[in-house]
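Enquirer: mmCIF, C-alpha atoms (C1' of nucleotides), file query.cif:
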```cif
data_my_file
#
loop_
_atom_site.label_atom_id
_atom_site.label_comp_id
_atom_site.auth_asym_id
_atom_site.auth_seq_id
_atom_site.Cartn_x
_atom_site.Cartn_y
_atom_site.Cartn_z
CA MET A 17 -3.31 -13.87 -30.86
CA ALA A 18 -4.19 -17.49 -30.37
CA GLU A 19 -3.29 -19.78 -33.23
CA LYS A 20 -6.25 -21.14 -35.08
CA ASN A 21 -6.08 -24.87 -35.05
CA ALA A 22 -7.63 -26.39 -38.14
CA THR A 23 -9.13 -29.28 -36.18
CA ALA A 24 -10.65 -27.20 -33.39
CA PRO A 25 -14.36 -26.67 -33.80
CA LYS A 26 -15.48 -23.08 -33.90
CA TRP A 27 -17.65 -23.25 -30.79
CA LEU A 28 -17.29 -24.80 -27.41
CA ASN A 29 -18.99 -28.12 -26.75
CA PRO A 30 -21.26 -28.38 -23.70
CA SER A 31 -18.58 -29.81 -21.43
CA GLU A 32 -16.02 -27.15 -22.39
CA MET A 33 -18.64 -24.45 -22.09
CA LYS A 34 -19.62 -25.56 -18.63
CA ALA A 35 -16.03 -25.64 -17.37
CA TRP A 36 -15.33 -22.20 -18.82
CA ARG A 37 -18.53 -20.52 -17.63
CA GLN A 38 -18.37 -21.96 -14.13
CA TYR A 39 -14.79 -20.85 -13.85
CA ILE A 40 -15.38 -17.34 -15.09
CA ILE A 41 -18.54 -16.78 -13.06
CA ALA A 42 -17.17 -18.17 -9.81
CA SER A 43 -13.90 -16.30 -10.25
CA ARG A 44 -15.68 -13.02 -10.74
CA ARG A 45 -17.81 -13.58 -7.64
CA LEU A 46 -14.87 -14.81 -5.62
CA LEU A 47 -12.66 -11.84 -6.40
CA ASP A 48 -15.54 -9.46 -5.75
CA ALA A 49 -16.26 -11.10 -2.41
CA LEU A 50 -12.62 -11.01 -1.34
CA ASP A 51 -12.42 -7.36 -2.31
CA GLU A 52 -15.49 -6.59 -0.25
CA ASP A 53 -14.02 -8.41 2.73
CA LEU A 54 -10.77 -6.45 2.40
CA ALA A 55 -12.62 -3.15 2.18
CA ALA A 56 -12.95 -3.31 5.97
CA HIS A 57 -9.21 -2.66 6.03
CA ASP A 58 -9.29 -0.04 3.29
CA LEU A 59 -7.52 -2.30 0.85
CA SER A 60 -8.17 -3.72 -2.58
CA MET A 61 -6.87 -7.13 -3.59
CA ALA A 62 -4.23 -5.46 -5.73
CA ASP A 63 -3.02 -3.21 -2.92
CA TYR A 64 -3.03 -6.15 -0.54
CA GLU A 65 -0.86 -8.10 -2.94
CA VAL A 66 1.60 -5.24 -3.21
CA LEU A 67 1.88 -4.83 0.55
CA ALA A 68 2.04 -8.57 1.20
CA GLN A 69 4.87 -9.02 -1.26
CA LEU A 70 6.72 -6.04 0.09
CA SER A 71 6.31 -7.26 3.67
CA ASP A 72 7.87 -10.59 2.69
CA ALA A 73 10.98 -9.04 1.16
CA PRO A 74 14.26 -8.72 3.07
CA ASP A 75 14.14 -5.49 5.09
CA ARG A 76 10.62 -5.08 3.71
CA THR A 77 12.33 -3.33 0.83
CA MET A 78 12.09 -3.94 -2.88
CA ARG A 79 12.94 -2.41 -6.22
CA MET A 80 9.87 -0.93 -7.85
CA SER A 81 10.10 -3.08 -10.94
CA GLU A 82 10.60 -6.27 -8.97
CA LEU A 83 7.60 -5.42 -6.83
CA ALA A 84 5.52 -4.72 -9.90
CA GLU A 85 6.55 -8.10 -11.28
CA VAL A 86 5.68 -10.19 -8.23
CA ALA A 87 2.50 -8.26 -7.48
CA MET A 88 1.42 -8.63 -11.10
CA VAL A 89 0.71 -4.97 -11.79
CA SER A 90 2.14 -2.65 -14.40
CA ARG A 91 4.99 -0.35 -13.47
CA SER A 92 2.86 2.66 -14.11
CA ARG A 93 0.10 1.36 -11.93
CA LEU A 94 2.49 0.51 -9.14
CA SER A 95 4.01 3.96 -9.33
CA HIS A 96 0.60 5.55 -8.92
CA ARG A 97 -0.45 3.21 -6.12
CA ILE A 98 2.76 3.69 -4.19
CA LYS A 99 2.16 7.40 -4.38
CA VAL A 100 -1.10 7.03 -2.48
CA MET A 101 0.40 4.52 -0.06
CA GLU A 102 3.11 7.05 0.64
CA ARG A 103 0.44 9.59 1.53
CA GLU A 104 -1.06 7.04 3.93
CA GLY A 105 2.37 6.61 5.46
CA TRP A 106 2.57 2.90 4.68
CA VAL A 107 5.53 3.04 2.34
CA ARG A 108 8.35 5.39 1.58
CA ARG A 109 10.68 5.61 -1.38
CA GLU A 110 14.42 5.80 -1.38
CA ALA A 111 16.98 6.04 -4.17
CA CYS A 112 18.59 2.76 -5.09
CA PRO A 113 22.25 2.92 -3.99
CA ASN A 114 23.82 0.81 -6.74
CA ASP A 115 21.56 1.64 -9.68
CA LYS A 116 20.88 5.31 -10.06
CA ARG A 117 17.87 4.70 -12.26
CA GLY A 118 16.26 2.63 -9.57
CA SER A 119 13.94 3.34 -6.73
CA LEU A 120 13.30 1.32 -3.60
CA ALA A 121 9.93 0.89 -1.97
CA ILE A 122 10.30 0.51 1.78
CA MET A 123 7.48 -0.52 4.08
CA THR A 124 7.13 1.67 7.15
CA PRO A 125 6.14 0.40 10.60
CA LYS A 126 2.70 1.84 9.94
CA GLY A 127 2.47 -0.13 6.71
CA TRP A 128 3.54 -3.25 8.57
CA LYS A 129 0.80 -2.67 11.08
CA ALA A 130 -1.73 -2.29 8.29
CA ILE A 131 -0.82 -5.55 6.58
CA VAL A 132 -0.60 -7.43 9.88
CA ALA A 133 -4.08 -6.22 10.73
CA ALA A 134 -5.51 -7.21 7.37
CA ALA A 135 -3.80 -10.54 6.77
CA PRO A 136 -5.65 -12.81 9.22
CA ASP A 137 -9.02 -11.59 8.03
CA HIS A 138 -7.98 -11.99 4.43
CA VAL A 139 -6.71 -15.51 5.02
CA ALA A 140 -9.94 -16.39 6.82
CA SER A 141 -11.85 -14.99 3.90
CA VAL A 142 -9.85 -16.96 1.31
CA ARG A 143 -10.44 -20.02 3.41
CA SER A 144 -14.12 -19.67 3.91
CA ARG A 145 -14.92 -18.58 0.39
CA PHE A 146 -12.57 -20.83 -1.52
CA LEU A 147 -10.42 -23.37 0.27
CA ASP A 148 -13.20 -24.72 2.47
CA VAL A 149 -14.93 -26.28 -0.51
CA LEU A 150 -11.77 -28.09 -1.67
CA ASP A 151 -10.58 -31.37 -0.25
CA LYS A 152 -6.91 -32.37 -0.43
CA GLY A 153 -7.42 -33.96 -3.84
CA ASP A 154 -9.15 -30.89 -5.21
CA GLN A 155 -6.32 -28.72 -3.98
CA LYS A 156 -3.78 -30.84 -5.75
CA ALA A 157 -5.80 -31.07 -8.96
CA LEU A 158 -6.41 -27.34 -9.03
CA ALA A 159 -2.80 -26.47 -8.42
CA GLU A 160 -1.72 -28.73 -11.25
CA ILE A 161 -4.30 -27.44 -13.67
CA PHE A 162 -3.50 -23.80 -13.08
CA GLU A 163 0.20 -24.44 -13.18
CA ARG A 164 -0.36 -25.80 -16.67
CA VAL A 165 -2.50 -22.80 -17.59
CA ALA A 166 0.20 -20.37 -16.49
CA THR A 167 2.90 -22.30 -18.32
CA ARG A 168 0.80 -22.47 -21.45
CA ILE A 169 0.31 -18.72 -21.50
CA LYS A 170 4.00 -18.11 -21.06
CA ASP A 171 4.77 -20.55 -23.89
CA ILE A 172 2.28 -19.05 -26.33
CA ASP A 173 3.42 -15.50 -25.72
CA CYS A 174 7.11 -16.33 -26.03
CA ASP A 175 7.07 -17.83 -29.49
CA GLU A 176 4.86 -15.56 -31.51
CA MET B 33 -16.96 -10.78 6.47
CA ALA B 34 -15.91 -14.39 6.70
CA GLU B 35 -16.67 -16.16 9.94
CA LYS B 36 -13.66 -17.00 11.97
CA ASN B 37 -13.66 -20.69 12.65
CA ALA B 38 -12.03 -21.55 15.97
CA THR B 39 -10.41 -24.67 14.55
CA ALA B 40 -8.99 -23.06 11.39
CA PRO B 41 -5.29 -22.31 11.66
CA LYS B 42 -4.35 -18.72 11.08
CA TRP B 43 -2.14 -19.34 8.05
CA LEU B 44 -2.42 -21.50 5.01
CA ASN B 45 -0.57 -24.79 4.95
CA PRO B 46 1.70 -25.50 1.97
CA SER B 47 -0.90 -27.44 0.03
CA GLU B 48 -3.58 -24.78 0.51
CA MET B 49 -1.09 -22.06 -0.27
CA LYS B 50 -0.05 -23.71 -3.48
CA ALA B 51 -3.61 -24.19 -4.70
CA TRP B 52 -4.50 -20.59 -3.88
CA ARG B 53 -1.38 -19.01 -5.38
CA GLN B 54 -1.44 -21.06 -8.55
CA TYR B 55 -5.08 -20.19 -9.00
CA ILE B 56 -4.66 -16.49 -8.42
CA ILE B 57 -1.53 -16.15 -10.54
CA ALA B 58 -2.80 -18.16 -13.48
CA SER B 59 -6.16 -16.42 -13.37
CA ARG B 60 -4.55 -13.01 -13.49
CA ARG B 61 -2.38 -14.00 -16.44
CA LEU B 62 -5.23 -15.73 -18.19
CA LEU B 63 -7.59 -12.78 -17.95
CA ASP B 64 -4.83 -10.42 -19.03
CA ALA B 65 -4.01 -12.58 -22.04
CA LEU B 66 -7.65 -12.87 -23.08
CA ASP B 67 -8.03 -9.12 -22.78
CA GLU B 68 -4.98 -8.59 -24.96
CA ASP B 69 -6.35 -10.98 -27.56
CA LEU B 70 -9.68 -9.16 -27.57
CA ALA B 71 -7.99 -5.79 -27.94
CA ALA B 72 -7.60 -6.62 -31.65
CA HIS B 73 -11.38 -6.16 -31.83
CA ASP B 74 -11.43 -3.08 -29.61
CA LEU B 75 -13.13 -4.96 -26.81
CA SER B 76 -12.46 -5.69 -23.18
CA MET B 77 -13.60 -8.92 -21.56
CA ALA B 78 -16.34 -7.01 -19.76
CA ASP B 79 -17.63 -5.38 -22.94
CA TYR B 80 -17.46 -8.69 -24.74
CA GLU B 81 -19.54 -10.29 -22.03
CA VAL B 82 -22.15 -7.54 -22.29
CA LEU B 83 -22.39 -7.84 -26.05
CA ALA B 84 -22.38 -11.63 -26.00
CA GLN B 85 -25.21 -11.77 -23.51
CA LEU B 86 -27.19 -9.18 -25.40
CA SER B 87 -26.67 -11.00 -28.68
CA ASP B 88 -28.10 -14.17 -27.11
CA ALA B 89 -31.28 -12.53 -25.89
CA PRO B 90 -34.56 -12.73 -27.84
CA ASP B 91 -34.58 -9.92 -30.40
CA ARG B 92 -31.10 -9.07 -29.12
CA THR B 93 -32.91 -6.91 -26.63
CA MET B 94 -32.68 -6.83 -22.86
CA ARG B 95 -33.65 -4.77 -19.86
CA MET B 96 -30.65 -2.86 -18.53
CA SER B 97 -30.84 -4.42 -15.09
CA GLU B 98 -31.15 -7.93 -16.45
CA LEU B 99 -28.19 -7.35 -18.71
CA ALA B 100 -26.17 -6.00 -15.82
CA GLU B 101 -27.04 -9.11 -13.83
CA VAL B 102 -26.04 -11.69 -16.44
CA ALA B 103 -22.94 -9.77 -17.54
CA MET B 104 -21.88 -9.44 -13.90
CA VAL B 105 -21.36 -5.68 -13.91
CA SER B 106 -22.94 -3.00 -11.75
CA ARG B 107 -25.89 -1.07 -13.10
CA SER B 108 -23.93 2.12 -13.02
CA ARG B 109 -21.07 0.60 -14.92
CA LEU B 110 -23.39 -0.87 -17.51
CA SER B 111 -25.08 2.47 -17.96
CA HIS B 112 -21.72 4.14 -18.65
CA ARG B 113 -20.55 1.39 -20.98
CA ILE B 114 -23.77 1.33 -22.95
CA LYS B 115 -23.34 5.05 -23.44
CA VAL B 116 -20.03 4.49 -25.22
CA MET B 117 -21.37 1.50 -27.15
CA GLU B 118 -24.19 3.74 -28.30
CA ARG B 119 -21.63 6.19 -29.64
CA GLU B 120 -19.97 3.33 -31.51
CA GLY B 121 -23.35 2.48 -32.96
CA TRP B 122 -23.40 -1.02 -31.51
CA VAL B 123 -26.39 -0.61 -29.24
CA ARG B 124 -29.33 1.69 -28.94
CA ARG B 125 -31.71 2.33 -26.07
CA GLU B 126 -35.46 2.32 -26.11
CA ALA B 127 -38.05 2.94 -23.44
CA CYS B 128 -39.54 -0.20 -21.94
CA PRO B 129 -43.17 -0.42 -23.05
CA ASN B 130 -44.69 -2.07 -19.97
CA ASP B 131 -42.52 -0.58 -17.23
CA LYS B 132 -42.04 3.13 -17.57
CA ARG B 133 -39.02 3.09 -15.27
CA GLY B 134 -37.27 0.66 -17.53
CA SER B 135 -34.93 0.92 -20.44
CA LEU B 136 -34.15 -1.60 -23.13
CA ALA B 137 -30.73 -2.15 -24.63
CA ILE B 138 -31.05 -3.23 -28.25
CA MET B 139 -28.17 -4.52 -30.31
CA THR B 140 -27.86 -2.90 -33.73
CA PRO B 141 -26.79 -4.73 -36.89
CA LYS B 142 -23.42 -3.02 -36.50
CA GLY B 143 -23.15 -4.37 -32.96
CA TRP B 144 -24.05 -7.83 -34.21
CA LYS B 145 -21.32 -7.58 -36.80
CA ALA B 146 -18.84 -6.59 -34.12
CA ILE B 147 -19.62 -9.52 -31.84
CA VAL B 148 -19.71 -11.98 -34.74
CA ALA B 149 -16.30 -10.78 -35.80
CA ALA B 150 -14.84 -11.07 -32.32
CA ALA B 151 -16.42 -14.30 -31.12
CA PRO B 152 -14.45 -16.90 -33.12
CA ASP B 153 -11.14 -15.31 -32.18
CA HIS B 154 -12.18 -15.11 -28.57
CA VAL B 155 -13.29 -18.72 -28.50
CA ALA B 156 -10.02 -19.76 -30.12
CA SER B 157 -8.20 -17.78 -27.51
CA VAL B 158 -10.11 -19.34 -24.60
CA ARG B 159 -9.39 -22.70 -26.10
CA SER B 160 -5.71 -22.28 -26.69
CA ARG B 161 -4.99 -20.53 -23.42
CA PHE B 162 -7.24 -22.50 -21.12
CA LEU B 163 -9.27 -25.42 -22.42
CA ASP B 164 -6.43 -27.01 -24.34
CA VAL B 165 -4.64 -27.93 -21.14
CA LEU B 166 -7.70 -29.64 -19.67
CA ASP B 167 -8.74 -33.18 -20.47
CA LYS B 168 -12.36 -34.31 -20.08
CA GLY B 169 -11.78 -35.22 -16.45
CA ASP B 170 -10.22 -31.87 -15.66
CA GLN B 171 -13.14 -30.10 -17.27
CA LYS B 172 -15.60 -31.99 -15.12
CA ALA B 173 -13.57 -31.52 -11.94
CA LEU B 174 -13.13 -27.82 -12.55
CA ALA B 175 -16.78 -27.23 -13.30
CA GLU B 176 -17.76 -29.02 -10.10
CA ILE B 177 -15.26 -27.18 -7.96
CA PHE B 178 -16.21 -23.75 -9.20
CA GLU B 179 -19.89 -24.53 -8.96
CA ARG B 180 -19.27 -25.22 -5.27
CA VAL B 181 -17.27 -22.00 -4.93
CA ALA B 182 -20.08 -19.92 -6.43
CA THR B 183 -22.68 -21.62 -4.28
CA ARG B 184 -20.60 -21.14 -1.17
CA ILE B 185 -20.28 -17.41 -1.81
CA LYS B 186 -24.00 -17.07 -2.32
CA ASP B 187 -24.66 -18.99 0.90
CA ILE B 188 -22.25 -16.96 3.02
CA ASP B 189 -23.55 -13.64 1.80
CA CYS B 190 -27.20 -14.55 2.25
CA ASP B 191 -27.14 -15.39 5.96
CA GLU B 192 -25.03 -12.67 7.51
"C1'" DC C 63 35.87 4.38 -25.57
"C1'" DG C 64 31.43 5.75 -27.22
"C1'" DA C 65 27.06 5.40 -29.94
"C1'" DG C 66 22.89 3.52 -29.67
"C1'" DA C 67 19.79 0.16 -27.57
"C1'" DA C 68 17.56 -1.26 -23.48
"C1'" DA C 69 15.94 -0.78 -18.69
"C1'" DA C 70 13.91 1.78 -14.61
"C1'" DG C 71 10.82 4.73 -13.27
"C1'" DT C 72 7.63 8.63 -13.47
"C1'" DT C 73 4.14 11.66 -15.41
"C1'" DG C 74 -0.15 13.66 -17.39
"C1'" DA C 75 -3.90 12.88 -20.17
"C1'" DA C 76 -7.46 9.87 -21.61
"C1'" DT C 77 -10.27 6.46 -20.31
"C1'" DG C 78 -12.76 3.37 -17.13
"C1'" DT C 79 -14.96 2.34 -12.65
"C1'" DT C 80 -17.14 3.23 -8.26
"C1'" DC C 81 -19.92 5.68 -5.18
"C1'" DA C 82 -23.63 8.21 -3.52
"C1'" DA C 83 -27.30 11.00 -4.80
"C1'" DC C 84 -31.13 11.70 -7.55
"C1'" DT C 85 -35.71 11.14 -10.50
"C1'" DA C 86 -39.35 8.47 -11.79
"C1'" DT C 87 -42.15 4.66 -11.49
"C1'" DT C 88 -44.07 0.57 -9.40
"C1'" DG C 89 -45.23 -2.51 -5.57
"C1'" DT C 90 -47.04 -3.29 -0.81
"C1'" DC C 91 -50.36 -3.24 2.58
"C1'" DG C 92 -53.00 -1.02 6.35
"C1'" DC D 270 -57.16 4.64 -1.85
"C1'" DG D 271 -52.74 6.47 -0.39
"C1'" DA D 272 -48.42 6.59 2.13
"C1'" DC D 273 -44.13 4.50 2.11
"C1'" DA D 274 -40.81 1.25 0.62
"C1'" DA D 275 -38.59 -0.79 -3.16
"C1'" DT D 276 -36.95 -1.01 -7.98
"C1'" DA D 277 -34.98 0.84 -12.49
"C1'" DG D 278 -31.98 3.60 -14.25
"C1'" DT D 279 -28.95 7.61 -14.81
"C1'" DT D 280 -25.62 11.10 -13.52
"C1'" DG D 281 -21.46 13.67 -11.98
"C1'" DA D 282 -17.69 13.66 -9.13
"C1'" DA D 283 -14.06 11.11 -7.14
"C1'" DC D 284 -10.98 7.73 -7.78
"C1'" DA D 285 -8.23 4.10 -10.40
"C1'" DT D 286 -6.01 2.37 -14.49
"C1'" DT D 287 -3.95 2.52 -18.93
"C1'" DC D 288 -1.26 4.45 -22.46
"C1'" DA D 289 2.27 6.81 -24.62
"C1'" DA D 290 5.80 9.98 -23.95
"C1'" DC D 291 9.65 11.30 -21.50
"C1'" DT D 292 14.21 11.47 -18.50
"C1'" DT D 293 17.95 9.28 -16.66
"C1'" DT D 294 21.03 5.66 -16.26
"C1'" DT D 295 23.05 1.35 -17.59
"C1'" DC D 296 24.24 -2.18 -20.87
"C1'" DT D 297 26.10 -3.91 -25.33
"C1'" DC D 298 29.34 -4.32 -28.60
"C1'" DG D 299 31.92 -2.57 -32.71
#
```
Here is the file; what I need is its structure written in the form of structure tokens.

Expert:
Amino acid sequence: MAEKNATAPKWLNPSEMKAWRQYIIASRRLLDALDEDLAAHDLSMADYEVLAQLSDAPDRTMRMSELAEVAMVSRSRLSHRIKVMEREGWVRREACPNDKRGSLAIMTPKGWKAIVAAAPDHVASVRSRFLDVLDKGDQKALAEIFERVATRIKDIDCDE
Amino acid sequence: MAEKNATAPKWLNPSEMKAWRQYIIASRRLLDALDEDLAAHDLSMADYEVLAQLSDAPDRTMRMSELAEVAMVSRSRLSHRIKVMEREGWVRREACPNDKRGSLAIMTPKGWKAIVAAAPDHVASVRSRFLDVLDKGDQKALAEIFERVATRIKDIDCDE
DNA sequence: CGAGAAAAGTTGAATGTTCAACTATTGTCG
DNA sequence: CGACAATAGTTGAACATTCAACTTTTCTCG
């Protein structure tokens, strides 16, 4: 849990509140819109992320736990999702040769076709719904801010 | 679906990519962390939002559809969630006096106690995980950017 | 070596969310 | 008025996610 800082006021001031609310509202709408756009390809954002990461890996092959890590989903969730992707014929599993506990997720040609079909639309959608309203300076500022946010979260959760 | 702009390149350039990835990664981690923090009060972010909005309404009472709107959840989802909150004794439902189709969600004293207990921790958590890494300028920049994002999404989805 | 801790992955059950269908009421307008 | 469209809300079934338990294998270190 977050440390309570003795000097921090209990409630947010108007400027903090505005930043937080605008962020949370726009993020919700943005993710919803991107999900809707992806639905045309029968994909959710989470499934897209999994397939995109897998398609980027050498031989389009990855250890389950590594894939879970980079796609930011739990192992359990990945396991369940891969099961349905297997049924769709997008991915297959193979035993890991050097670690007998392990399991490899391997993208099939059909899976490759699916991600290749979805990617341009998804990129266009990210562009039109998000990037198009940012100029170069905004891009840089945003990247810096969220890099700090991610770092901060890692720091808090490591020493508690 | 997003319009395809003839001049837009198919892929993201490094600066766009960085802004997008940092945003999506940090957001995921941030929301996860806030959810974990709220778990101490047996709440998800979505449930917190519902209760917070309801607690702000006159008489802590709201029409279901209005509550769904401001809490950014579907009507169906709200209906299901309110059912479990009713079981917890946090909310009760009452028929809407002037519109016989309608239904009012009313926060109980127990529900008020729950949100009052959770709110300071949640605010502290938003602060320490997010706001603390923003200076005044960042706050303003972020609010402006995400206001544009939200507006853009509304605009796209209205004329298509 | 070998005991116990840690890591990888899966599973089933419980819980949460979406989706489409449905009832009931209200609004619109010829 | 009265037919039809639109709105409010709920429901159950299908689907997705989480959670804790479990198996198997590997790592650590006395």

Enquirer: Using only C-alpha atoms, find the one residue out of B:Leu66, B:Ile188, B:Ala127, B:Ala182 that sits nearest to chain A.

Expert: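 Closest to chain A, using only C-alpha atoms: B:Ala182.
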
Enquirer: Output as a list of chain:residue names the set of chain D residues within 9 Å of chain A, with distances taken over only C-alpha atoms (C1' of nucleotides).

Expert: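 Going by the stated atoms only, the list reads D:DA285, D:DT286, D:DT287, D:DT293, D:DT294, D:DT295.
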
Enquirer: Give me, as a Markdown table, each residue of segment 88-173 of chain A that comes within 6 Å of segment 77-80 of chain A, together with its shortest interatomic pair and the distance in Å at one decimal, counting all atoms listed in the file, with rows ordered by chain and rising residue number.

Expert:
```
| residue | atom | partner | partner_atom | distance |
| --- | --- | --- | --- | --- |
| A:Ser119 | CA | A:Arg79 | CA | 5.9 |
| A:Leu120 | CA | A:Arg79 | CA | 4.6 |
| A:Ala121 | CA | A:Met78 | CA | 5.4 |
| A:Ile122 | CA | A:Thr77 | CA | 4.4 |
```

Enquirer: Within 12 Å of DA282 of chain D, counting all atoms listed in the file, which residues qualify if same-chain residues fewer than 3 places away don't, as a tab-separated table (two decimals) with C-alpha atoms (C1' of nucleotides), in the frame of the given file?

Expert:
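Just written: result-v2.tsv:
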```tsv
chain	number	residue	atom	x	y	z
C	80	DT	C1'	-17.14	3.23	-8.26
C	81	DC	C1'	-19.92	5.68	-5.18
C	82	DA	C1'	-23.63	8.21	-3.52
C	83	DA	C1'	-27.30	11.00	-4.80
```

Enquirer: Could you check how far atom CA of Ser111 of chain B sits from atom C1' of DT279 of chain D, in Å to one decimal?

Expert: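 Atom CA of Ser111 of chain B sits 7.2 Å away from atom C1' of DT279 of chain D.
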
Enquirer: What residues in chain C have any atom no more than 9 Å from chain A when counting only C-alpha atoms (C1' of nucleotides), and can you write them as an MDAnalysis selection string?

Expert: chainID C and resid 69:72

Enquirer: Here is a test: counting only C-alpha atoms, which residue of B:Glu118, B:Asp187, B:Asp74, B:Glu179 is nearest to chain A?

Expert: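 For chain A, the nearest of the candidates is B:Glu179.
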
Enquirer: Considering only C-alpha atoms, state which residue in the set A:Pro30, A:Ala35, A:Arg108, A:Arg76 is at the smallest distance from chain B.

Expert: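 With only C-alpha atoms as the atom set, the closest residue is A:Ala35.
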
Enquirer: Save segment 52-74 of chain B from what I just supplied, as an mmCIF file, in the first residue's frame, atoms limited to C-alpha atoms.

Expert:
```
data_model
loop_
_atom_site.group_PDB
_atom_site.id
_atom_site.type_symbol
_atom_site.label_atom_id
_atom_site.label_comp_id
_atom_site.auth_asym_id
_atom_site.auth_seq_id
_atom_site.Cartn_x
_atom_site.Cartn_y
_atom_site.Cartn_z
ATOM 1 C CA TRP B 52 2.597 4.917 -27.265
ATOM 2 C CA ARG B 53 4.486 2.071 -25.592
ATOM 3 C CA GLN B 54 5.429 4.048 -22.516
ATOM 4 C CA TYR B 55 1.851 5.146 -22.155
ATOM 5 C CA ILE B 56 0.354 1.711 -22.562
ATOM 6 C CA ILE B 57 2.865 -0.037 -20.319
ATOM 7 C CA ALA B 58 2.754 2.494 -17.518
ATOM 8 C CA SER B 59 -1.025 2.669 -17.665
ATOM 9 C CA ARG B 60 -1.347 -1.069 -17.351
ATOM 10 C CA ARG B 61 1.002 -1.144 -14.369
ATOM 11 C CA LEU B 62 -0.605 1.875 -12.793
ATOM 12 C CA LEU B 63 -4.130 0.495 -12.989
ATOM 13 C CA ASP B 64 -2.939 -2.869 -11.713
ATOM 14 C CA ALA B 65 -1.168 -1.246 -8.774
ATOM 15 C CA LEU B 66 -4.186 0.884 -7.873
ATOM 16 C CA ASP B 67 -6.395 -2.178 -8.023
ATOM 17 C CA GLU B 68 -4.046 -4.046 -5.722
ATOM 18 C CA ASP B 69 -4.049 -1.156 -3.274
ATOM 19 C CA LEU B 70 -7.844 -1.053 -3.304
ATOM 20 C CA ALA B 71 -8.077 -4.792 -2.727
ATOM 21 C CA ALA B 72 -7.360 -4.066 0.952
ATOM 22 C CA HIS B 73 -10.858 -2.562 1.019
ATOM 23 C CA ASP B 74 -12.430 -5.316 -1.074
#
```
